[in-house]
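Undergrad: My structure is in model.cif, and what it holds is mmCIF, C-alpha atoms:
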data_data
loop_
_atom_site.label_atom_id
_atom_site.label_comp_id
_atom_site.auth_asym_id
_atom_site.auth_seq_id
_atom_site.Cartn_x
_atom_site.Cartn_y
_atom_site.Cartn_z
CA MET E 311 23.83 -4.06 -12.55
CA SER E 312 20.23 -3.80 -13.70
CA LEU E 313 18.07 -1.46 -11.63
CA SER E 314 14.33 -0.96 -11.74
CA ASP E 315 13.13 2.60 -12.35
CA ALA E 316 12.30 3.00 -8.67
CA GLU E 317 15.68 1.65 -7.60
CA LEU E 318 17.38 4.04 -10.01
CA ALA E 319 15.37 6.97 -8.66
CA ILE E 320 16.49 6.04 -5.14
CA SER E 321 20.14 5.66 -6.18
CA ALA E 322 20.11 8.98 -8.01
CA ALA E 323 18.44 10.83 -5.13
CA GLU E 324 20.93 9.34 -2.67
CA ALA E 325 23.83 10.42 -4.88
CA GLY E 326 22.53 13.98 -4.91
CA ALA E 327 21.90 13.90 -1.17
CA ALA E 328 25.48 12.81 -0.51
CA VAL E 329 26.73 15.92 -2.29
CA VAL E 330 24.33 18.22 -0.43
CA ARG E 331 25.20 16.65 2.91
CA SER E 332 28.94 17.05 2.30
CA LEU E 333 28.48 20.79 1.69
CA TYR E 334 25.88 21.53 4.36
CA GLY E 335 27.07 24.16 6.81
CA LYS E 336 30.04 25.11 4.64
CA PRO E 337 30.51 28.33 2.67
CA VAL E 338 29.54 27.68 -0.95
CA PRO E 339 29.34 30.01 -3.94
CA ARG E 340 25.92 31.45 -4.82
CA TYR E 341 24.55 32.24 -8.27
CA ASP E 342 21.71 34.76 -8.39
CA LYS E 343 18.58 33.87 -10.37
CA THR E 344 16.44 36.83 -9.24
CA SER E 345 16.73 39.46 -6.53
CA VAL E 346 15.32 36.99 -3.99
CA ASP E 347 16.31 33.61 -5.42
CA PHE E 348 19.62 31.91 -6.07
CA ALA E 349 21.31 28.58 -6.65
CA THR E 350 24.43 27.36 -4.90
CA ALA E 351 27.33 25.15 -5.84
CA ALA E 352 25.52 22.41 -3.92
CA ASP E 353 22.55 22.62 -6.32
CA LEU E 354 24.80 22.37 -9.36
CA GLU E 355 27.04 19.59 -8.05
CA ALA E 356 24.10 17.54 -6.77
CA GLU E 357 22.32 17.81 -10.12
CA GLN E 358 25.46 16.62 -11.91
CA ALA E 359 25.77 13.66 -9.54
CA ILE E 360 22.15 12.70 -10.22
CA LEU E 361 22.62 13.07 -13.96
CA ASP E 362 25.72 10.85 -13.85
CA VAL E 363 23.79 8.04 -12.14
CA ILE E 364 20.87 8.25 -14.56
CA ARG E 365 23.11 8.46 -17.62
CA GLU E 366 24.97 5.34 -16.48
CA HIS E 367 21.80 3.23 -16.32
CA ARG E 368 19.37 4.97 -18.73
CA PRO E 369 21.51 6.75 -21.34
CA ASP E 370 18.62 7.15 -23.79
CA ASP E 371 16.22 8.83 -21.33
CA ALA E 372 15.62 12.59 -21.29
CA PHE E 373 16.64 14.66 -18.25
CA LEU E 374 14.95 17.83 -16.96
CA GLY E 375 16.93 19.46 -14.17
CA GLU E 376 16.11 22.65 -12.34
CA GLU E 377 19.59 24.05 -12.92
CA THR E 378 20.59 22.63 -16.33
CA GLY E 379 17.22 22.41 -18.07
CA LEU E 380 16.17 19.77 -20.59
CA SER E 381 18.58 17.44 -22.32
CA GLY E 382 17.68 14.56 -24.60
CA THR E 383 14.45 13.58 -26.34
CA SER E 384 12.41 10.65 -25.10
CA ASP E 385 8.96 9.75 -23.81
CA ARG E 386 10.82 8.92 -20.57
CA THR E 387 11.94 12.06 -18.76
CA TRP E 388 13.67 12.28 -15.39
CA MET E 389 12.44 15.36 -13.47
CA VAL E 390 15.07 16.52 -10.99
CA ASP E 391 15.17 19.13 -8.26
CA PRO E 392 18.66 18.63 -6.82
CA LEU E 393 18.13 20.77 -3.74
CA CYS E 394 14.59 21.69 -2.76
CA GLY E 395 14.93 24.32 -0.06
CA THR E 396 18.03 26.13 -1.29
CA LEU E 397 17.33 29.12 0.96
CA ASN E 398 16.95 26.76 3.93
CA PHE E 399 20.25 25.11 2.99
CA ALA E 400 22.03 28.46 2.76
CA ALA E 401 20.64 29.49 6.15
CA GLN E 402 21.70 26.15 7.69
CA THR E 403 18.08 25.18 8.29
CA PRO E 404 17.89 21.37 7.95
CA LEU E 405 14.66 21.23 5.94
CA ILE E 406 15.76 20.21 2.46
CA ALA E 407 15.19 17.43 -0.06
CA VAL E 408 16.67 15.97 -3.23
CA ASN E 409 13.87 15.05 -5.64
CA VAL E 410 13.96 12.64 -8.59
CA ALA E 411 10.92 11.45 -10.59
CA LEU E 412 10.48 9.54 -13.82
CA ARG E 413 7.69 10.77 -16.10
CA VAL E 414 6.48 8.46 -18.87
CA GLY E 415 3.70 9.58 -21.18
CA GLY E 416 2.73 12.41 -18.85
CA ARG E 417 2.53 10.17 -15.76
CA ASP E 418 5.09 9.95 -12.95
CA VAL E 419 5.73 6.22 -12.64
CA ALA E 420 8.62 6.15 -10.16
CA ALA E 421 10.06 8.68 -7.76
CA ALA E 422 12.36 9.16 -4.81
CA ALA E 423 13.28 12.01 -2.51
CA ALA E 424 16.23 11.87 -0.13
CA ASP E 425 16.49 13.98 3.01
CA PRO E 426 20.24 14.65 3.24
CA ILE E 427 20.07 15.47 6.95
CA SER E 428 17.87 12.69 8.37
CA GLY E 429 18.95 10.06 5.87
CA GLU E 430 15.33 9.18 5.05
CA VAL E 431 14.37 8.30 1.49
CA PHE E 432 10.74 8.57 0.41
CA TRP E 433 9.98 6.56 -2.72
CA THR E 434 7.37 4.93 -4.91
CA ASP E 435 7.34 2.44 -7.73
CA GLY E 436 3.76 3.36 -8.61
CA VAL E 437 2.37 0.55 -6.44
CA ARG E 438 4.14 0.97 -3.11
CA ALA E 439 4.90 4.22 -1.27
CA GLN E 440 7.52 3.94 1.46
CA VAL E 441 10.03 5.81 3.58
CA ASN E 442 13.12 3.61 3.55
CA ASP E 443 11.61 0.11 4.10
CA GLN E 444 8.44 1.24 5.91
CA PRO E 445 5.05 1.81 4.22
CA LEU E 446 3.77 5.39 4.25
CA THR E 447 0.45 5.89 6.05
CA PRO E 448 -1.21 9.33 5.79
CA SER E 449 -2.99 10.58 8.91
CA PRO E 450 -4.57 13.92 9.93
CA ASP E 451 -3.82 13.35 13.61
CA SER E 452 -1.00 15.93 13.85
CA LYS E 453 -3.45 18.70 12.83
CA LEU E 454 -0.47 20.51 11.29
CA VAL E 455 -1.07 22.15 7.90
CA ASP E 456 1.92 23.32 5.88
CA PHE E 457 1.73 26.30 3.50
CA ASN E 458 3.97 27.16 0.58
CA LEU E 459 3.73 30.94 0.80
CA ASP E 460 4.56 32.46 -2.57
CA PRO E 461 2.98 35.63 -4.00
CA PRO E 462 0.16 36.61 -4.36
CA TYR E 463 -0.72 34.81 -1.08
CA GLY E 464 -4.48 35.51 -1.24
CA ASP E 465 -6.04 32.03 -1.11
CA LEU E 466 -3.65 30.70 1.49
CA LEU E 467 -3.86 33.62 3.89
CA SER E 468 -7.64 33.44 3.72
CA VAL E 469 -7.44 29.82 4.88
CA ILE E 470 -5.36 30.71 7.94
CA ALA E 471 -7.82 33.51 8.78
CA ALA E 472 -10.92 31.42 8.07
CA PRO E 473 -13.38 30.76 10.91
CA GLY E 474 -12.68 27.38 12.41
CA PHE E 475 -9.11 26.98 11.12
CA ALA E 476 -7.39 27.85 14.39
CA GLU E 477 -9.72 25.59 16.33
CA ARG E 478 -8.91 22.58 14.14
CA PHE E 479 -5.47 23.08 12.60
CA SER E 480 -2.10 24.72 13.24
CA PRO E 481 -0.21 26.37 10.34
CA ARG E 482 3.43 25.69 9.50
CA VAL E 483 5.81 26.95 6.78
CA MET E 484 8.72 24.67 5.85
CA SER E 485 9.48 26.12 2.41
CA THR E 486 10.40 22.77 0.89
CA SER E 487 8.58 19.90 -0.81
CA LEU E 488 9.66 17.78 2.15
CA ALA E 489 6.35 18.90 3.71
CA CYS E 490 4.42 16.99 1.02
CA PHE E 491 6.22 13.78 1.90
CA TRP E 492 5.38 14.41 5.54
CA VAL E 493 1.68 14.41 4.63
CA ALA E 494 2.17 10.94 3.16
CA ALA E 495 4.04 9.91 6.32
CA GLY E 496 1.32 11.13 8.70
CA ARG E 497 3.46 13.97 10.06
CA ARG E 498 1.33 16.67 8.46
CA ALA E 499 -2.45 16.75 7.97
CA ALA E 500 -2.22 18.72 4.71
CA TYR E 501 -0.13 20.89 2.42
CA LEU E 502 -1.29 23.88 0.36
CA SER E 503 0.40 25.95 -2.32
CA ASP E 504 -0.62 28.66 -4.76
CA GLY E 505 0.63 28.63 -8.34
CA ASP E 506 0.84 26.21 -11.23
CA LYS E 507 2.79 23.14 -10.09
CA ARG E 508 1.81 20.74 -12.89
CA ASP E 509 5.18 20.32 -14.60
CA SER E 510 7.37 21.47 -11.74
CA VAL E 511 10.53 19.53 -10.93
CA HIS E 512 10.00 20.70 -7.35
CA PHE E 513 6.77 18.71 -6.94
CA ALA E 514 6.84 15.74 -9.36
CA ALA E 515 8.41 13.29 -6.91
CA ALA E 516 6.29 14.46 -3.97
CA LEU E 517 3.01 14.13 -5.81
CA ALA E 518 3.89 10.69 -7.14
CA VAL E 519 4.62 9.49 -3.61
CA CYS E 520 1.57 11.19 -2.08
CA ARG E 521 -0.85 9.81 -4.64
CA THR E 522 0.46 6.28 -4.29
CA ALA E 523 0.29 6.56 -0.49
CA GLY E 524 -3.42 7.43 -0.74
CA CYS E 525 -3.39 11.18 -0.06
CA VAL E 526 -6.12 13.35 -1.60
CA VAL E 527 -4.47 15.55 -4.25
CA THR E 528 -6.43 18.33 -6.01
CA ASP E 529 -6.16 21.94 -7.06
CA LEU E 530 -7.38 24.70 -4.73
CA LYS E 531 -10.88 24.45 -6.20
CA GLY E 532 -11.21 20.74 -5.53
CA GLY E 533 -10.69 19.80 -9.17
CA PRO E 534 -7.89 17.80 -10.77
CA PHE E 535 -4.42 19.00 -9.86
CA GLU E 536 -3.68 19.10 -13.59
CA THR E 537 -5.74 22.31 -14.00
CA GLY E 538 -2.82 24.27 -12.58
CA GLU E 539 -4.99 26.14 -10.06
CA GLY E 540 -2.74 25.58 -7.06
CA LEU E 541 -2.22 22.47 -4.95
CA LEU E 542 -3.98 20.88 -1.99
CA VAL E 543 -2.60 17.62 -0.59
CA ALA E 544 -4.57 16.19 2.31
CA ALA E 545 -4.09 13.09 4.43
CA ASP E 546 -7.75 12.13 4.13
CA GLY E 547 -11.05 13.18 2.61
CA GLU E 548 -12.40 14.87 5.73
CA THR E 549 -9.36 17.13 6.06
CA HIS E 550 -9.48 17.91 2.36
CA GLU E 551 -13.15 18.86 2.53
CA ALA E 552 -12.62 21.10 5.56
CA LEU E 553 -9.71 23.02 4.01
CA LEU E 554 -11.39 23.30 0.62
CA SER E 555 -14.48 24.84 2.20
CA MET E 556 -12.28 27.45 3.90
CA ILE E 557 -10.60 28.29 0.59
CA LEU E 558 -13.87 28.65 -1.27
CA ARG E 559 -15.43 30.75 1.53
CA GLY E 560 -12.53 33.16 1.35
CA ARG E 561 -12.92 33.85 -2.37
#
Show the structure stored in the file as structure tokens.
TA:
Amino acid sequence: MSLSDAELAISAAEAGAAVVRSLYGKPVPRYDKTSVDFATAADLEAEQAILDVIREHRPDDAFLGEETGLSGTSDRTWMVDPLCGTLNFAAQTPLIAVNVALRVGGRDVAAAAADPISGEVFWTDGVRAQVNDQPLTPSPDSKLVDFNLDPPYGDLLSVIAAPGFAERFSPRVMSTSLACFWVAAGRRAAYLSDGDKRDSVHFAAALAVCRTAGCVVTDLKGGPFETGEGLLVAADGETHEALLSMILRGR
């Protein structure tokens, strides 16, 4: 069966999600990465399931997985985060995602992310951005702003403490890229993260979907995301401008 790149991204993400869902709430082995970070058997088995699907349909493409690294050489590279929110998964907190994106010539041209718990699949073929069969429509109406709180925290904490933030927005911390997709879906007004996310398997699928959906995507200085100076995803220009001004005032 011939699949388009977007269809393959969806199939691969769903295969990974099936593995994660089957292991959710069960005791699984953990493998320490650092003193505060680890992978689980669910991460490893989901990544293998994704790789198997991609290898079946695109055997000549390269594959960059969070757990297994880079394999193959091609200008077409599949960027895979098999379980975004591993700590949530281990704590039986149902805020997790399985992310798959295809990068061609430095541009993410197709992507999908499956939520193993809700069954939703967010995807883009570079023209459309949808959740399952429904178009994604960003909206600031929720007034909820999600933060990815990683050290050193400075810029993001200054936003929460900035004059006017509490009157306009309400902060949330989901600790998964699922929050980015929720901006595209109108469930979050914005998402902010410190750190260099340019070539991250955690964010490739989310940013592809958000950009196609019409979200405003920049770094934390308002410049191109590709500078590596953090990440700001906003549902609309007004929200982006408001949050950016709070960031810049706090510096």
Undergrad: Which value, in Å to one decimal, gives the distance between CA of Leu374 (chain E) and CA of Pro461 (chain E)?
TA: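 One can read the CA of Leu374 (chain E) to CA of Pro461 (chain E) distance as 25.1 Å.
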Undergrad: Run the PyMOL selection byres ((chain E and resi 410) around 9) mentally over the shown coordinates, then write out the matched residues as a ChimeraX atom specification, using the chain letters and numbers from the document.
TA: /E:319-320,322-323,360,388-392,408-409,411-412,420-424,511,514-515
Undergrad: Can I get the selection written as a compact mmCIF listing (two decimals), keeping the file's coordinate frame, with C-alpha atoms?
TA:
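Below you can see result-v6.txt, which holds the result:
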# COMPACT_ATOMS: atom_id res chain seq x y z
CA ALA E 319 15.37 6.97 -8.66
CA ILE E 320 16.49 6.04 -5.14
CA ALA E 322 20.11 8.98 -8.01
CA ALA E 323 18.44 10.83 -5.13
CA ILE E 360 22.15 12.70 -10.22
CA TRP E 388 13.67 12.28 -15.39
CA MET E 389 12.44 15.36 -13.47
CA VAL E 390 15.07 16.52 -10.99
CA ASP E 391 15.17 19.13 -8.26
CA PRO E 392 18.66 18.63 -6.82
CA VAL E 408 16.67 15.97 -3.23
CA ASN E 409 13.87 15.05 -5.64
CA ALA E 411 10.92 11.45 -10.59
CA LEU E 412 10.48 9.54 -13.82
CA ALA E 420 8.62 6.15 -10.16
CA ALA E 421 10.06 8.68 -7.76
CA ALA E 422 12.36 9.16 -4.81
CA ALA E 423 13.28 12.01 -2.51
CA ALA E 424 16.23 11.87 -0.13
CA VAL E 511 10.53 19.53 -10.93
CA ALA E 514 6.84 15.74 -9.36
CA ALA E 515 8.41 13.29 -6.91
Undergrad: Taking the file as shown, what set of residues would the PyMOL selection byres ((chain E and resi 503) around 10) give back, as a VMD selection string?
TA: chain E and resid 456 to 460 463 465 to 466 501 to 502 504 to 507 529 to 530 539 to 543
Undergrad: Please determine the residues with any atom at most 10 Å from (-13.5, 23.3, -7.0) (coordinates as given in the file, with only C-alpha atoms counting) and report them as a ChimeraX atom specification.
TA: /E:528-534,539,554-555,557-558
Undergrad: Just so the selection is clear, what residues does the PyMOL selection byres ((chain E and resi 494) around 12) cover here, as a ChimeraX atom specification?
TA: /E:432-434,438-441,444-450,487-493,495-501,516-527,543-546
Undergrad: Taking into account only C-alpha atoms, which residue in the set E:Glu548, E:Ser312, E:Ser321, E:Gly335 is nearest to Val431 (chain E)?
TA: E:Ser321
Undergrad: Rank E:Gly326, E:Pro339, E:Thr344, E:Glu430 by their smallest atom-to-atom distance to Leu361 (chain E), using all atoms listed in the file, and report the top residue only.
TA: E:Gly326
Undergrad: Using only the atoms of region 425-443 of chain E listed in the file, plus 5 Å on each side, state the axis-aligned box centre and edge lengths in Å rounded to one decimal, as lines of an AutoDock Vina configuration file.
TA:
center_x = 11.3
center_y = 7.8
center_z = -0.1
size_x = 27.9
size_y = 25.4
size_z = 27.0
Undergrad: By how many Å are CA of Leu467 (chain E) and CA of His550 (chain E) apart?
TA: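 Rounded to one decimal, the two atoms are 16.8 Å apart.
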Undergrad: Separation of CA of Arg386 (chain E) and CA of Phe535 (chain E), in Å?
TA: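 Computed distance, CA of Arg386 (chain E) to CA of Phe535 (chain E), equals 21.2 Å.
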Undergrad: Please supply region 383-418 of chain E, rebuilt with N, CA and C atoms, as a PDB file, keeping the file's coordinate frame.
TA:
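File written: part19.pdb
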ATOM      1  N   THR E 383      15.823  13.671 -25.841  1.00  0.00           N
ATOM      2  CA  THR E 383      14.450  13.580 -26.340  1.00  0.00           C
ATOM      3  C   THR E 383      13.969  12.159 -26.162  1.00  0.00           C
ATOM      4  N   SER E 384      12.933  11.977 -25.384  1.00  0.00           N
ATOM      5  CA  SER E 384      12.410  10.650 -25.100  1.00  0.00           C
ATOM      6  C   SER E 384      11.037  10.789 -24.479  1.00  0.00           C
ATOM      7  N   ASP E 385      10.225   9.720 -24.546  1.00  0.00           N
ATOM      8  CA  ASP E 385       8.960   9.750 -23.810  1.00  0.00           C
ATOM      9  C   ASP E 385       9.188   9.414 -22.336  1.00  0.00           C
ATOM     10  N   ARG E 386      10.415   9.138 -21.973  1.00  0.00           N
ATOM     11  CA  ARG E 386      10.820   8.920 -20.570  1.00  0.00           C
ATOM     12  C   ARG E 386      11.710  10.084 -20.142  1.00  0.00           C
ATOM     13  N   THR E 387      11.202  10.884 -19.198  1.00  0.00           N
ATOM     14  CA  THR E 387      11.940  12.060 -18.760  1.00  0.00           C
ATOM     15  C   THR E 387      12.120  12.044 -17.247  1.00  0.00           C
ATOM     16  N   TRP E 388      13.362  12.197 -16.810  1.00  0.00           N
ATOM     17  CA  TRP E 388      13.670  12.280 -15.390  1.00  0.00           C
ATOM     18  C   TRP E 388      13.569  13.731 -14.952  1.00  0.00           C
ATOM     19  N   MET E 389      12.685  14.004 -13.971  1.00  0.00           N
ATOM     20  CA  MET E 389      12.440  15.360 -13.470  1.00  0.00           C
ATOM     21  C   MET E 389      13.194  15.506 -12.148  1.00  0.00           C
ATOM     22  N   VAL E 390      14.115  16.462 -12.104  1.00  0.00           N
ATOM     23  CA  VAL E 390      15.070  16.520 -10.990  1.00  0.00           C
ATOM     24  C   VAL E 390      15.126  17.919 -10.364  1.00  0.00           C
ATOM     25  N   ASP E 391      14.907  17.959  -9.082  1.00  0.00           N
ATOM     26  CA  ASP E 391      15.170  19.130  -8.260  1.00  0.00           C
ATOM     27  C   ASP E 391      16.292  18.737  -7.303  1.00  0.00           C
ATOM     28  N   PRO E 392      17.516  19.162  -7.575  1.00  0.00           N
ATOM     29  CA  PRO E 392      18.660  18.630  -6.820  1.00  0.00           C
ATOM     30  C   PRO E 392      18.761  19.133  -5.390  1.00  0.00           C
ATOM     31  N   LEU E 393      18.091  20.236  -5.096  1.00  0.00           N
ATOM     32  CA  LEU E 393      18.130  20.770  -3.740  1.00  0.00           C
ATOM     33  C   LEU E 393      16.878  21.615  -3.521  1.00  0.00           C
ATOM     34  N   CYS E 394      15.840  20.985  -3.025  1.00  0.00           N
ATOM     35  CA  CYS E 394      14.590  21.690  -2.760  1.00  0.00           C
ATOM     36  C   CYS E 394      14.689  22.294  -1.354  1.00  0.00           C
ATOM     37  N   GLY E 395      14.686  23.622  -1.308  1.00  0.00           N
ATOM     38  CA  GLY E 395      14.930  24.320  -0.060  1.00  0.00           C
ATOM     39  C   GLY E 395      16.312  24.954  -0.050  1.00  0.00           C
ATOM     40  N   THR E 396      16.702  25.533  -1.184  1.00  0.00           N
ATOM     41  CA  THR E 396      18.030  26.130  -1.290  1.00  0.00           C
ATOM     42  C   THR E 396      18.234  27.232  -0.245  1.00  0.00           C
ATOM     43  N   LEU E 397      17.193  28.058  -0.039  1.00  0.00           N
ATOM     44  CA  LEU E 397      17.330  29.120   0.960  1.00  0.00           C
ATOM     45  C   LEU E 397      17.471  28.539   2.353  1.00  0.00           C
ATOM     46  N   ASN E 398      16.772  27.444   2.651  1.00  0.00           N
ATOM     47  CA  ASN E 398      16.950  26.760   3.930  1.00  0.00           C
ATOM     48  C   ASN E 398      18.393  26.259   4.070  1.00  0.00           C
ATOM     49  N   PHE E 399      18.880  25.630   3.002  1.00  0.00           N
ATOM     50  CA  PHE E 399      20.250  25.110   2.990  1.00  0.00           C
ATOM     51  C   PHE E 399      21.252  26.221   3.278  1.00  0.00           C
ATOM     52  N   ALA E 400      21.091  27.356   2.601  1.00  0.00           N
ATOM     53  CA  ALA E 400      22.030  28.460   2.760  1.00  0.00           C
ATOM     54  C   ALA E 400      21.976  29.041   4.170  1.00  0.00           C
ATOM     55  N   ALA E 401      20.807  28.965   4.800  1.00  0.00           N
ATOM     56  CA  ALA E 401      20.640  29.490   6.150  1.00  0.00           C
ATOM     57  C   ALA E 401      20.903  28.428   7.217  1.00  0.00           C
ATOM     58  N   GLN E 402      21.417  27.274   6.797  1.00  0.00           N
ATOM     59  CA  GLN E 402      21.700  26.150   7.690  1.00  0.00           C
ATOM     60  C   GLN E 402      20.448  25.741   8.478  1.00  0.00           C
ATOM     61  N   THR E 403      19.347  25.683   7.746  1.00  0.00           N
ATOM     62  CA  THR E 403      18.080  25.180   8.290  1.00  0.00           C
ATOM     63  C   THR E 403      17.853  23.805   7.699  1.00  0.00           C
ATOM     64  N   PRO E 404      17.857  22.741   8.489  1.00  0.00           N
ATOM     65  CA  PRO E 404      17.890  21.370   7.950  1.00  0.00           C
ATOM     66  C   PRO E 404      16.535  20.861   7.454  1.00  0.00           C
ATOM     67  N   LEU E 405      15.927  21.635   6.559  1.00  0.00           N
ATOM     68  CA  LEU E 405      14.660  21.230   5.940  1.00  0.00           C
ATOM     69  C   LEU E 405      14.860  21.308   4.429  1.00  0.00           C
ATOM     70  N   ILE E 406      15.398  20.235   3.873  1.00  0.00           N
ATOM     71  CA  ILE E 406      15.760  20.210   2.460  1.00  0.00           C
ATOM     72  C   ILE E 406      15.525  18.804   1.906  1.00  0.00           C
ATOM     73  N   ALA E 407      15.424  18.719   0.581  1.00  0.00           N
ATOM     74  CA  ALA E 407      15.190  17.430  -0.060  1.00  0.00           C
ATOM     75  C   ALA E 407      15.827  17.400  -1.433  1.00  0.00           C
ATOM     76  N   VAL E 408      16.153  16.199  -1.881  1.00  0.00           N
ATOM     77  CA  VAL E 408      16.670  15.970  -3.230  1.00  0.00           C
ATOM     78  C   VAL E 408      15.649  15.112  -3.959  1.00  0.00           C
ATOM     79  N   ASN E 409      15.032  15.665  -5.000  1.00  0.00           N
ATOM     80  CA  ASN E 409      13.870  15.050  -5.640  1.00  0.00           C
ATOM     81  C   ASN E 409      14.185  14.516  -7.038  1.00  0.00           C
ATOM     82  N   VAL E 410      13.771  13.284  -7.283  1.00  0.00           N
ATOM     83  CA  VAL E 410      13.960  12.640  -8.590  1.00  0.00           C
ATOM     84  C   VAL E 410      12.680  11.895  -8.946  1.00  0.00           C
ATOM     85  N   ALA E 411      12.136  12.150 -10.137  1.00  0.00           N
ATOM     86  CA  ALA E 411      10.920  11.450 -10.590  1.00  0.00           C
ATOM     87  C   ALA E 411      11.052  11.096 -12.060  1.00  0.00           C
ATOM     88  N   LEU E 412      10.506   9.965 -12.430  1.00  0.00           N
ATOM     89  CA  LEU E 412      10.480   9.540 -13.820  1.00  0.00           C
ATOM     90  C   LEU E 412       9.076   9.717 -14.376  1.00  0.00           C
ATOM     91  N   ARG E 413       8.968  10.524 -15.441  1.00  0.00           N
ATOM     92  CA  ARG E 413       7.690  10.770 -16.100  1.00  0.00           C
ATOM     93  C   ARG E 413       7.665  10.039 -17.438  1.00  0.00           C
ATOM     94  N   VAL E 414       6.645   9.213 -17.618  1.00  0.00           N
ATOM     95  CA  VAL E 414       6.480   8.460 -18.870  1.00  0.00           C
ATOM     96  C   VAL E 414       5.078   8.727 -19.393  1.00  0.00           C
ATOM     97  N   GLY E 415       5.003   9.297 -20.602  1.00  0.00           N
ATOM     98  CA  GLY E 415       3.700   9.580 -21.180  1.00  0.00           C
ATOM     99  C   GLY E 415       2.840  10.488 -20.330  1.00  0.00           C
ATOM    100  N   GLY E 416       3.467  11.458 -19.676  1.00  0.00           N
ATOM    101  CA  GLY E 416       2.730  12.410 -18.850  1.00  0.00           C
ATOM    102  C   GLY E 416       2.394  11.920 -17.463  1.00  0.00           C
ATOM    103  N   ARG E 417       2.842  10.715 -17.083  1.00  0.00           N
ATOM    104  CA  ARG E 417       2.530  10.170 -15.760  1.00  0.00           C
ATOM    105  C   ARG E 417       3.835   9.850 -15.030  1.00  0.00           C
ATOM    106  N   ASP E 418       3.895  10.222 -13.756  1.00  0.00           N
ATOM    107  CA  ASP E 418       5.090   9.950 -12.950  1.00  0.00           C
ATOM    108  C   ASP E 418       4.996   8.524 -12.416  1.00  0.00           C
TER     109      ASP E 418
END
